[in-house]
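Enquirer: Dropping the structure in here first, questions after.
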Amino acid sequence: MSSAQHFAFDGRREFHDAVLQALRLCKKSVLLLDPTLQDWPLESVDAAVTLRSALSAGATLRVLITDTDWAERHAPRLARLRRDHAARVEFRRLPASLRLADSFLVVDTHHTVRRVHADVLKGVCTLDDPAQANVPIDRFETAWQESEPCLPATTLGL
């Protein structure tokens, strides 16, 4: 018997709730792919505390983005997490040849939050369903190999 849960979201509040619900389940890893990160609730107190707790317990965070401008200018909590957990947080920039319209989060290979397109806050959250995470994980890992590190933890990159 499967304990998988699937639910749709449509709008900022439902999207943010889905992301926080998935992040709270993190024990090992978070993969996040989005062009800019600006619509994700990563700067909320809840998300920052949840990510900090997971990273402190040994989880990793890998993020693929296209444009780093928002993260550099408007994400001080995310910058603090990068600095405080530099060994477990890595950001990479997608090359111009790989401009993906995807936007998704995968937590511990079992929980996903997928938007239908990076420009809309509509999609599906799936909890406890590793089969639903296979395609986003494969897309993420393929893009990861083609991407370059960005947003170092400190201005020196150390």
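Each chain in the structure tokens gets a letter, A, B and so on, in the order shown; residues start at 1 in every chain, and ligands are counted from 1 in the order they appear.
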For Asp69 (chain A), please output as JSON, numbers by chain all residues within 12 Å (counting only C-alpha atoms; exclusion window: fewer than 6 positions along the same chain).
Expert: {"A": [35, 36, 37, 38, 75, 93, 150, 151]}
Enquirer: Tell me, which residues of region 16-146 of chain A carry DSSP strand (DSSP E), written as a PyMOL selection string?
Expert: chain A and resi 29-33+60-65+89-93+104-107+111-115+122-127
Enquirer: Output N, CA and C atoms for every residue in the selection just made, as a CSV table (one decimal), in the first residue's frame.
Expert:
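And here is the file that came out, again22.csv:
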```csv
chain,number,residue,atom,x,y,z
A,29,SER,N,18.7,15.4,0.9
A,29,SER,CA,19.1,16.3,-0.2
A,29,SER,C,17.9,17.1,-0.8
A,30,VAL,N,18.3,18.2,-1.3
A,30,VAL,CA,17.3,19.1,-2.0
A,30,VAL,C,18.0,19.4,-3.4
A,31,LEU,N,17.2,19.2,-4.4
A,31,LEU,CA,17.6,19.7,-5.8
A,31,LEU,C,16.6,20.7,-6.2
A,32,LEU,N,17.0,21.8,-6.7
A,32,LEU,CA,16.1,22.9,-7.1
A,32,LEU,C,16.6,23.4,-8.5
A,33,LEU,N,15.7,23.5,-9.4
A,33,LEU,CA,15.9,24.0,-10.7
A,33,LEU,C,14.9,25.1,-11.0
A,60,THR,N,22.2,18.1,1.8
A,60,THR,CA,22.8,18.9,0.8
A,60,THR,C,21.8,19.7,0.0
A,61,LEU,N,22.2,20.8,-0.5
A,61,LEU,CA,21.3,21.7,-1.4
A,61,LEU,C,22.1,22.0,-2.7
A,62,ARG,N,21.5,21.5,-3.8
A,62,ARG,CA,22.1,21.8,-5.1
A,62,ARG,C,21.0,22.6,-5.9
A,63,VAL,N,21.4,23.8,-6.4
A,63,VAL,CA,20.5,24.6,-7.1
A,63,VAL,C,21.1,25.0,-8.5
A,64,LEU,N,20.2,24.8,-9.5
A,64,LEU,CA,20.5,25.2,-10.9
A,64,LEU,C,19.7,26.4,-11.3
A,65,ILE,N,20.3,27.5,-11.7
A,65,ILE,CA,19.6,28.7,-12.1
A,65,ILE,C,20.2,29.2,-13.4
A,89,VAL,N,26.2,23.3,0.2
A,89,VAL,CA,25.3,24.1,-0.7
A,89,VAL,C,26.1,24.4,-2.0
A,90,GLU,N,25.5,24.1,-3.1
A,90,GLU,CA,26.2,24.5,-4.4
A,90,GLU,C,25.2,25.0,-5.4
A,91,PHE,N,25.6,26.1,-6.0
A,91,PHE,CA,24.8,26.7,-7.0
A,91,PHE,C,25.5,26.6,-8.3
A,92,ARG,N,24.8,26.3,-9.4
A,92,ARG,CA,25.4,26.3,-10.7
A,92,ARG,C,24.4,27.0,-11.7
A,93,ARG,N,25.1,27.6,-12.7
A,93,ARG,CA,24.4,28.4,-13.7
A,93,ARG,C,24.2,27.5,-15.0
A,104,PHE,N,11.3,23.1,-10.7
A,104,PHE,CA,11.0,22.1,-9.8
A,104,PHE,C,11.9,21.9,-8.6
A,105,LEU,N,11.4,21.2,-7.6
A,105,LEU,CA,12.1,20.9,-6.4
A,105,LEU,C,12.0,19.4,-6.2
A,106,VAL,N,13.1,18.8,-5.8
A,106,VAL,CA,13.0,17.3,-5.5
A,106,VAL,C,13.7,17.2,-4.1
A,107,VAL,N,13.0,16.6,-3.2
A,107,VAL,CA,13.6,16.4,-1.8
A,107,VAL,C,13.7,14.9,-1.6
A,111,HIS,N,10.0,13.3,-2.9
A,111,HIS,CA,9.0,14.4,-2.8
A,111,HIS,C,9.4,15.5,-3.8
A,112,THR,N,8.3,15.8,-4.6
A,112,THR,CA,8.6,16.8,-5.7
A,112,THR,C,7.5,17.9,-5.7
A,113,VAL,N,8.0,19.1,-6.1
A,113,VAL,CA,7.1,20.2,-6.3
A,113,VAL,C,7.5,20.6,-7.7
A,114,ARG,N,6.5,20.5,-8.7
A,114,ARG,CA,6.8,20.8,-10.1
A,114,ARG,C,5.8,21.8,-10.6
A,115,ARG,N,6.3,22.9,-11.1
A,115,ARG,CA,5.4,23.9,-11.7
A,115,ARG,C,5.3,23.5,-13.2
A,122,LYS,N,1.6,27.4,-10.8
A,122,LYS,CA,0.6,26.3,-10.9
A,122,LYS,C,1.4,25.0,-11.2
A,123,GLY,N,0.9,24.0,-10.5
A,123,GLY,CA,1.6,22.7,-10.7
A,123,GLY,C,1.2,21.7,-9.7
A,124,VAL,N,2.0,20.7,-9.4
A,124,VAL,CA,1.7,19.5,-8.6
A,124,VAL,C,2.8,19.3,-7.6
A,125,CYS,N,2.3,18.9,-6.4
A,125,CYS,CA,3.2,18.5,-5.3
A,125,CYS,C,3.0,17.0,-5.1
A,126,THR,N,4.0,16.2,-5.0
A,126,THR,CA,3.9,14.8,-4.8
A,126,THR,C,4.8,14.4,-3.6
A,127,LEU,N,4.2,13.8,-2.7
A,127,LEU,CA,5.0,13.4,-1.5
A,127,LEU,C,5.0,11.9,-1.4
```
Enquirer: Quick one: of A:Leu121, A:Leu94, A:Ile137, A:Ala87, who's nearest to Asp10 (chain A), counting only C-alpha atoms?
Expert: A:Leu121
Enquirer: Which is closer to Gly11 (chain A) than all the others in A:Asp46, A:Glu72, A:Asp102, A:Asp119, using only C-alpha atoms?
Expert: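 Ranked by minimum distance to Gly11 (chain A), first place goes to A:Asp119.
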Enquirer: Rounded to one decimal, what separation in Å do you get between CA of Ser3 (chain A) and CA of Phe15 (chain A)?
Expert: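 We find that CA of Ser3 (chain A) and CA of Phe15 (chain A) lie 21.3 Å from each other.
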